[in-house]
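Q: Got a file for you: entry33.pdb, PDB, C-alpha atoms.
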```pdb
ATOM      1  CA  MET A  99       0.000   0.000   0.000
ATOM      2  CA  ILE A 100       1.179   3.524  -0.797
ATOM      3  CA  GLU A 101       0.423   6.236   1.760
ATOM      4  CA  ARG A 102       0.734   9.887   0.772
ATOM      5  CA  LEU A 103       0.865  12.669   3.369
ATOM      6  CA  GLU A 104       0.388  16.379   2.769
ATOM      7  CA  THR A 105      -0.556  15.796  -0.843
ATOM      8  CA  GLY A 106      -1.171  18.699  -3.185
ATOM      9  CA  ALA A 107      -1.780  18.988  -6.895
ATOM     10  CA  ARG A 108       1.934  18.798  -7.722
ATOM     11  CA  MET A 109       3.458  16.553  -5.052
ATOM     12  CA  SER A 110       3.211  14.864  -1.693
ATOM     13  CA  ARG A 111       5.580  15.993   1.069
ATOM     14  CA  ILE A 112       5.845  12.401   2.307
ATOM     15  CA  VAL A 113       5.233   9.097   0.535
ATOM     16  CA  LYS A 114       5.417   5.789   2.415
ATOM     17  CA  HIS A 115       5.630   2.384   0.768
ATOM     18  CA  ASN A 116       6.687  -0.998   2.162
ATOM     19  CA  GLY A 117       8.431   0.524   5.182
ATOM     20  CA  THR A 118      10.312   3.130   3.134
ATOM     21  CA  ILE A 119       9.697   6.856   3.514
ATOM     22  CA  TYR A 120      10.344   9.342   0.716
ATOM     23  CA  ILE A 121      10.520  13.030   1.628
ATOM     24  CA  CYS A 122      10.216  15.591  -1.138
ATOM     25  CA  GLY A 123      12.756  18.351  -1.592
ATOM     26  CA  GLN A 124      13.041  20.594   1.453
ATOM     27  CA  VAL A 125      14.448  24.096   1.556
ATOM     28  CA  CYS A 126      15.174  26.562   4.338
ATOM     29  CA  ALA A 127      12.654  28.473   6.417
ATOM     30  CA  ASP A 128      14.182  31.872   5.501
ATOM     31  CA  ALA A 129      16.041  32.342   2.231
ATOM     32  CA  THR A 130      17.535  35.657   3.382
ATOM     33  CA  LYS A 131      19.908  33.768   5.723
ATOM     34  CA  ASP A 132      23.392  32.442   4.975
ATOM     35  CA  ILE A 133      24.208  28.879   3.898
ATOM     36  CA  LYS A 134      24.665  27.577   7.436
ATOM     37  CA  GLU A 135      21.314  28.904   8.656
ATOM     38  CA  GLN A 136      19.566  27.770   5.470
ATOM     39  CA  THR A 137      21.054  24.298   5.914
ATOM     40  CA  GLN A 138      20.068  24.094   9.593
ATOM     41  CA  THR A 139      16.456  25.181   9.088
ATOM     42  CA  MET A 140      16.168  22.840   6.102
ATOM     43  CA  LEU A 141      17.379  19.939   8.257
ATOM     44  CA  ASP A 142      14.978  20.982  11.037
ATOM     45  CA  LYS A 143      12.163  20.554   8.520
ATOM     46  CA  VAL A 144      13.510  17.112   7.589
ATOM     47  CA  ASP A 145      13.513  16.148  11.283
ATOM     48  CA  ALA A 146       9.863  17.173  11.622
ATOM     49  CA  LEU A 147       8.820  15.301   8.475
ATOM     50  CA  LEU A 148      10.720  12.165   9.475
ATOM     51  CA  GLU A 149       9.011  12.205  12.867
ATOM     52  CA  GLN A 150       5.608  12.749  11.249
ATOM     53  CA  ALA A 151       6.280   9.776   8.962
ATOM     54  CA  GLY A 152       7.418   7.486  11.771
ATOM     55  CA  SER A 153      11.167   7.665  11.328
ATOM     56  CA  SER A 154      14.221   9.643  12.401
ATOM     57  CA  ARG A 155      17.571  10.795  11.088
ATOM     58  CA  LYS A 156      19.122   7.587  12.471
ATOM     59  CA  HIS A 157      17.007   5.681   9.930
ATOM     60  CA  MET A 158      17.947   7.672   6.810
ATOM     61  CA  LEU A 159      18.880   5.484   3.879
ATOM     62  CA  SER A 160      19.894   8.162   1.394
ATOM     63  CA  ALA A 161      20.016  11.902   0.937
ATOM     64  CA  THR A 162      20.446  14.010  -2.159
ATOM     65  CA  ILE A 163      21.642  17.537  -1.486
ATOM     66  CA  TYR A 164      21.505  20.283  -4.071
ATOM     67  CA  VAL A 165      23.640  23.392  -3.530
ATOM     68  CA  LYS A 166      23.407  26.534  -5.596
ATOM     69  CA  ASP A 167      27.187  26.797  -5.834
ATOM     70  CA  MET A 168      29.896  24.398  -4.669
ATOM     71  CA  CYS A 169      31.577  27.340  -2.932
ATOM     72  CA  TYR A 170      29.033  26.587  -0.146
ATOM     73  CA  PHE A 171      29.989  22.908   0.107
ATOM     74  CA  ALA A 172      32.296  23.114   3.153
ATOM     75  CA  GLU A 173      29.967  25.349   5.193
ATOM     76  CA  MET A 174      26.940  23.205   4.354
ATOM     77  CA  ASN A 175      28.907  20.098   5.378
ATOM     78  CA  GLU A 176      29.752  21.635   8.776
ATOM     79  CA  VAL A 177      26.043  21.789   9.586
ATOM     80  CA  TRP A 178      25.318  18.413   7.967
ATOM     81  CA  ASP A 179      28.128  16.661   9.864
ATOM     82  CA  ALA A 180      26.869  18.000  13.207
ATOM     83  CA  TRP A 181      23.290  16.926  12.358
ATOM     84  CA  VAL A 182      23.915  13.333  11.222
ATOM     85  CA  PRO A 183      24.150  10.960  14.201
ATOM     86  CA  GLU A 184      27.535   9.268  14.456
ATOM     87  CA  GLY A 185      27.456   5.868  12.800
ATOM     88  CA  HIS A 186      24.210   6.613  10.926
ATOM     89  CA  ALA A 187      25.401   8.457   7.810
ATOM     90  CA  PRO A 188      23.146   7.688   4.846
ATOM     91  CA  ALA A 189      24.226   7.099   1.277
ATOM     92  CA  ARG A 190      24.555  10.644  -0.038
ATOM     93  CA  ALA A 191      24.988  12.640  -3.205
ATOM     94  CA  CYS A 192      25.641  16.362  -3.371
ATOM     95  CA  VAL A 193      25.375  18.251  -6.626
ATOM     96  CA  GLU A 194      25.457  21.842  -7.783
ATOM     97  CA  ALA A 195      22.072  22.853  -9.168
ATOM     98  CA  LYS A 196      20.037  25.846 -10.205
ATOM     99  CA  MET A 197      17.491  26.549  -7.456
ATOM    100  CA  ALA A 198      13.790  27.227  -7.932
ATOM    101  CA  ARG A 199      14.281  30.693  -6.410
ATOM    102  CA  ASP A 200      17.484  32.696  -6.657
ATOM    103  CA  ALA A 201      17.806  33.270  -2.885
ATOM    104  CA  LEU A 202      17.769  29.544  -2.091
ATOM    105  CA  LEU A 203      21.231  28.116  -1.502
ATOM    106  CA  VAL A 204      20.473  24.472  -0.616
ATOM    107  CA  GLU A 205      17.775  21.807  -0.960
ATOM    108  CA  ILE A 206      17.565  18.183   0.180
ATOM    109  CA  SER A 207      15.465  15.108  -0.503
ATOM    110  CA  VAL A 208      15.631  12.138   1.847
ATOM    111  CA  VAL A 209      14.734   8.449   1.814
ATOM    112  CA  ALA A 210      14.427   6.729   5.194
ATOM    113  CA  ALA A 211      13.295   3.465   6.736
ATOM    114  CA  GLU A 212      10.170   3.507   8.834
ATOM    115  CA  ILE A 213      10.860   2.738  12.484
ATOM    116  CA  ASN A 214       9.469  -0.604  13.521
ATOM    117  CA  PRO A 215       7.792   0.220  16.854
ATOM    118  CA  SER A 216       8.535  -3.246  18.196
ATOM    119  CA  CYS A 217      12.293  -3.041  17.702
ATOM    120  CA  CYS A 218      13.850   0.435  17.473
TER     121      CYS A 218
END
```
What is this file in structure tokens?
A:
Amino acid sequence: MIERLETGARMSRIVKHNGTIYICGQVCADATKDIKEQTQTMLDKVDALLEQAGSSRKHMLSATIYVKDMCYFAEMNEVWDAWVPEGHAPARACVEAKMARDALLVEISVVAAEINPSCC
């Protein structure tokens, strides 16, 4: 069974299927901020969506990060590295990409495993 949460005409924010959670691209809360703040608020949104879907950052399987310019790579990674629990790094790709709005510096999409309430 496929479960879709927060579904609109264009996309669902969360899709769940066979114990796997797919989170659509997330951006920062305030695009006027610098790369570190954009990255942190983006990851805060991921945390909230993972919790809503029945998962957590410890259960991430993969992440795809899009940065506006690779000049932001090191600063974005500082925030990312502090956010990812030790020993739980997902498979990850990071690419330079044109953003939907010029002020956006970073975007992420995440795939995670659903937490089995009886085990984890």
Q: Give me the residues near region 117-123 of chain A as a PDB file with C-alpha atoms, keeping the file's coordinate frame, where near means some atom within 9 Å (using all atoms listed in the file) and where sequence neighbours in that chain fewer than 2 positions away do not count.
A:
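The resulting file, selection14.pdb, is reproduced below:
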```
ATOM      1  CA  MET A 109       3.458  16.553  -5.052  1.00  0.00           C
ATOM      2  CA  SER A 110       3.211  14.864  -1.693  1.00  0.00           C
ATOM      3  CA  ARG A 111       5.580  15.993   1.069  1.00  0.00           C
ATOM      4  CA  ILE A 112       5.845  12.401   2.307  1.00  0.00           C
ATOM      5  CA  VAL A 113       5.233   9.097   0.535  1.00  0.00           C
ATOM      6  CA  LYS A 114       5.417   5.789   2.415  1.00  0.00           C
ATOM      7  CA  HIS A 115       5.630   2.384   0.768  1.00  0.00           C
ATOM      8  CA  VAL A 125      14.448  24.096   1.556  1.00  0.00           C
ATOM      9  CA  VAL A 144      13.510  17.112   7.589  1.00  0.00           C
ATOM     10  CA  LEU A 147       8.820  15.301   8.475  1.00  0.00           C
ATOM     11  CA  LEU A 148      10.720  12.165   9.475  1.00  0.00           C
ATOM     12  CA  ALA A 151       6.280   9.776   8.962  1.00  0.00           C
ATOM     13  CA  GLY A 152       7.418   7.486  11.771  1.00  0.00           C
ATOM     14  CA  SER A 153      11.167   7.665  11.328  1.00  0.00           C
ATOM     15  CA  MET A 158      17.947   7.672   6.810  1.00  0.00           C
ATOM     16  CA  LEU A 159      18.880   5.484   3.879  1.00  0.00           C
ATOM     17  CA  THR A 162      20.446  14.010  -2.159  1.00  0.00           C
ATOM     18  CA  ILE A 163      21.642  17.537  -1.486  1.00  0.00           C
ATOM     19  CA  GLU A 205      17.775  21.807  -0.960  1.00  0.00           C
ATOM     20  CA  ILE A 206      17.565  18.183   0.180  1.00  0.00           C
ATOM     21  CA  SER A 207      15.465  15.108  -0.503  1.00  0.00           C
ATOM     22  CA  VAL A 208      15.631  12.138   1.847  1.00  0.00           C
ATOM     23  CA  VAL A 209      14.734   8.449   1.814  1.00  0.00           C
ATOM     24  CA  ALA A 210      14.427   6.729   5.194  1.00  0.00           C
ATOM     25  CA  ALA A 211      13.295   3.465   6.736  1.00  0.00           C
ATOM     26  CA  GLU A 212      10.170   3.507   8.834  1.00  0.00           C
ATOM     27  CA  ILE A 213      10.860   2.738  12.484  1.00  0.00           C
ATOM     28  CA  ASN A 214       9.469  -0.604  13.521  1.00  0.00           C
TER      29      ASN A 214
END
```
Q: Go through the shown structure with the PyMOL selection byres ((chain A and resi 181-186) around 12) and write out the matching residues as a PDB file with C-alpha atoms, in the coordinates of the input.
A:
```pdb
ATOM      1  CA  LYS A 134      24.665  27.577   7.436  1.00  0.00           C
ATOM      2  CA  THR A 137      21.054  24.298   5.914  1.00  0.00           C
ATOM      3  CA  GLN A 138      20.068  24.094   9.593  1.00  0.00           C
ATOM      4  CA  THR A 139      16.456  25.181   9.088  1.00  0.00           C
ATOM      5  CA  MET A 140      16.168  22.840   6.102  1.00  0.00           C
ATOM      6  CA  LEU A 141      17.379  19.939   8.257  1.00  0.00           C
ATOM      7  CA  ASP A 142      14.978  20.982  11.037  1.00  0.00           C
ATOM      8  CA  VAL A 144      13.510  17.112   7.589  1.00  0.00           C
ATOM      9  CA  ASP A 145      13.513  16.148  11.283  1.00  0.00           C
ATOM     10  CA  SER A 154      14.221   9.643  12.401  1.00  0.00           C
ATOM     11  CA  ARG A 155      17.571  10.795  11.088  1.00  0.00           C
ATOM     12  CA  LYS A 156      19.122   7.587  12.471  1.00  0.00           C
ATOM     13  CA  HIS A 157      17.007   5.681   9.930  1.00  0.00           C
ATOM     14  CA  MET A 158      17.947   7.672   6.810  1.00  0.00           C
ATOM     15  CA  LEU A 159      18.880   5.484   3.879  1.00  0.00           C
ATOM     16  CA  SER A 160      19.894   8.162   1.394  1.00  0.00           C
ATOM     17  CA  ALA A 161      20.016  11.902   0.937  1.00  0.00           C
ATOM     18  CA  MET A 174      26.940  23.205   4.354  1.00  0.00           C
ATOM     19  CA  ASN A 175      28.907  20.098   5.378  1.00  0.00           C
ATOM     20  CA  GLU A 176      29.752  21.635   8.776  1.00  0.00           C
ATOM     21  CA  VAL A 177      26.043  21.789   9.586  1.00  0.00           C
ATOM     22  CA  TRP A 178      25.318  18.413   7.967  1.00  0.00           C
ATOM     23  CA  ASP A 179      28.128  16.661   9.864  1.00  0.00           C
ATOM     24  CA  ALA A 180      26.869  18.000  13.207  1.00  0.00           C
ATOM     25  CA  ALA A 187      25.401   8.457   7.810  1.00  0.00           C
ATOM     26  CA  PRO A 188      23.146   7.688   4.846  1.00  0.00           C
ATOM     27  CA  ALA A 189      24.226   7.099   1.277  1.00  0.00           C
ATOM     28  CA  ARG A 190      24.555  10.644  -0.038  1.00  0.00           C
ATOM     29  CA  ALA A 210      14.427   6.729   5.194  1.00  0.00           C
TER      30      ALA A 210
END
```
Q: Return the single residue from A:Val193, A:Gln150, A:Ala172, A:Leu203 that is closest to Glu104 (chain A), with distances computed using all atoms listed in the file.
A: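 The shortest atom-to-atom distance to Glu104 (chain A) comes from A:Gln150.
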Q: Measuring atom to atom with all atoms listed in the file, identify which of A:Val204, A:Ala129, A:Cys192, A:Ala198 is nearest to Lys166 (chain A).
A: A:Val204
Q: Between CA of Glu135 (chain A) and CA of Ala195 (chain A), what distance in Å does the model show, to one decimal?
A: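 That distance, rounded to one decimal, is 18.8 Å.
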Q: Would you compute the distance between CA of Asp128 (chain A) and CA of Ala107 (chain A)? Give it in Å to one decimal.
A: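 CA of Ala107 (chain A) lies 24.0 Å from CA of Asp128 (chain A).
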Q: Could you state the separation of CA of Cys169 (chain A) and CA of Met197 (chain A) in Å, given to one decimal place?
A: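 Separating CA of Cys169 (chain A) from CA of Met197 (chain A) is a distance of 14.8 Å.
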Q: Put a box with edges along x, y and z around all the listed atoms of region 112-123 of chain A, pad it by 4 Å on each side, then give me its centre and sizes in Å, one decimal, as AutoDock Vina command-line options.
A:
```
--center_x 9.0 --center_y 8.7 --center_z 1.8 --size_x 15.5 --size_y 27.3 --size_z 14.8
```
Q: Start from the incomplete input, build N, CA and C atoms for region 111-125 of chain A, and deliver everything as a PDB file, keeping the file's coordinate frame.
A:
```
ATOM      1  N   ARG A 111       4.371  15.715   0.282  1.00  0.00           N
ATOM      2  CA  ARG A 111       5.580  15.993   1.069  1.00  0.00           C
ATOM      3  C   ARG A 111       6.207  14.706   1.562  1.00  0.00           C
ATOM      4  N   ILE A 112       5.363  13.698   1.835  1.00  0.00           N
ATOM      5  CA  ILE A 112       5.845  12.401   2.307  1.00  0.00           C
ATOM      6  C   ILE A 112       5.101  11.306   1.557  1.00  0.00           C
ATOM      7  N   VAL A 113       5.837  10.296   1.107  1.00  0.00           N
ATOM      8  CA  VAL A 113       5.233   9.097   0.535  1.00  0.00           C
ATOM      9  C   VAL A 113       5.832   7.904   1.266  1.00  0.00           C
ATOM     10  N   LYS A 114       4.966   6.992   1.703  1.00  0.00           N
ATOM     11  CA  LYS A 114       5.417   5.789   2.415  1.00  0.00           C
ATOM     12  C   LYS A 114       4.989   4.562   1.617  1.00  0.00           C
ATOM     13  N   HIS A 115       5.931   3.610   1.486  1.00  0.00           N
ATOM     14  CA  HIS A 115       5.630   2.384   0.768  1.00  0.00           C
ATOM     15  C   HIS A 115       6.536   1.274   1.280  1.00  0.00           C
ATOM     16  N   ASN A 116       5.934   0.177   1.697  1.00  0.00           N
ATOM     17  CA  ASN A 116       6.687  -0.998   2.162  1.00  0.00           C
ATOM     18  C   ASN A 116       7.783  -0.653   3.170  1.00  0.00           C
ATOM     19  N   GLY A 117       7.471   0.202   4.140  1.00  0.00           N
ATOM     20  CA  GLY A 117       8.431   0.524   5.182  1.00  0.00           C
ATOM     21  C   GLY A 117       9.494   1.535   4.791  1.00  0.00           C
ATOM     22  N   THR A 118       9.368   2.115   3.593  1.00  0.00           N
ATOM     23  CA  THR A 118      10.312   3.130   3.134  1.00  0.00           C
ATOM     24  C   THR A 118       9.587   4.462   3.038  1.00  0.00           C
ATOM     25  N   ILE A 119      10.258   5.507   3.489  1.00  0.00           N
ATOM     26  CA  ILE A 119       9.697   6.856   3.514  1.00  0.00           C
ATOM     27  C   ILE A 119      10.482   7.733   2.538  1.00  0.00           C
ATOM     28  N   TYR A 120       9.750   8.436   1.692  1.00  0.00           N
ATOM     29  CA  TYR A 120      10.344   9.342   0.716  1.00  0.00           C
ATOM     30  C   TYR A 120       9.889  10.754   1.067  1.00  0.00           C
ATOM     31  N   ILE A 121      10.836  11.648   1.299  1.00  0.00           N
ATOM     32  CA  ILE A 121      10.520  13.030   1.628  1.00  0.00           C
ATOM     33  C   ILE A 121      10.910  13.907   0.451  1.00  0.00           C
ATOM     34  N   CYS A 122       9.958  14.722   0.014  1.00  0.00           N
ATOM     35  CA  CYS A 122      10.216  15.591  -1.138  1.00  0.00           C
ATOM     36  C   CYS A 122      11.260  16.637  -0.791  1.00  0.00           C
ATOM     37  N   GLY A 123      11.731  17.338  -1.793  1.00  0.00           N
ATOM     38  CA  GLY A 123      12.756  18.351  -1.592  1.00  0.00           C
ATOM     39  C   GLY A 123      12.357  19.381  -0.553  1.00  0.00           C
ATOM     40  N   GLN A 124      13.266  19.624   0.390  1.00  0.00           N
ATOM     41  CA  GLN A 124      13.041  20.594   1.453  1.00  0.00           C
ATOM     42  C   GLN A 124      14.055  21.716   1.333  1.00  0.00           C
ATOM     43  N   VAL A 125      13.581  22.922   1.568  1.00  0.00           N
ATOM     44  CA  VAL A 125      14.448  24.096   1.556  1.00  0.00           C
ATOM     45  C   VAL A 125      14.355  24.783   2.915  1.00  0.00           C
TER      46      VAL A 125
END
```
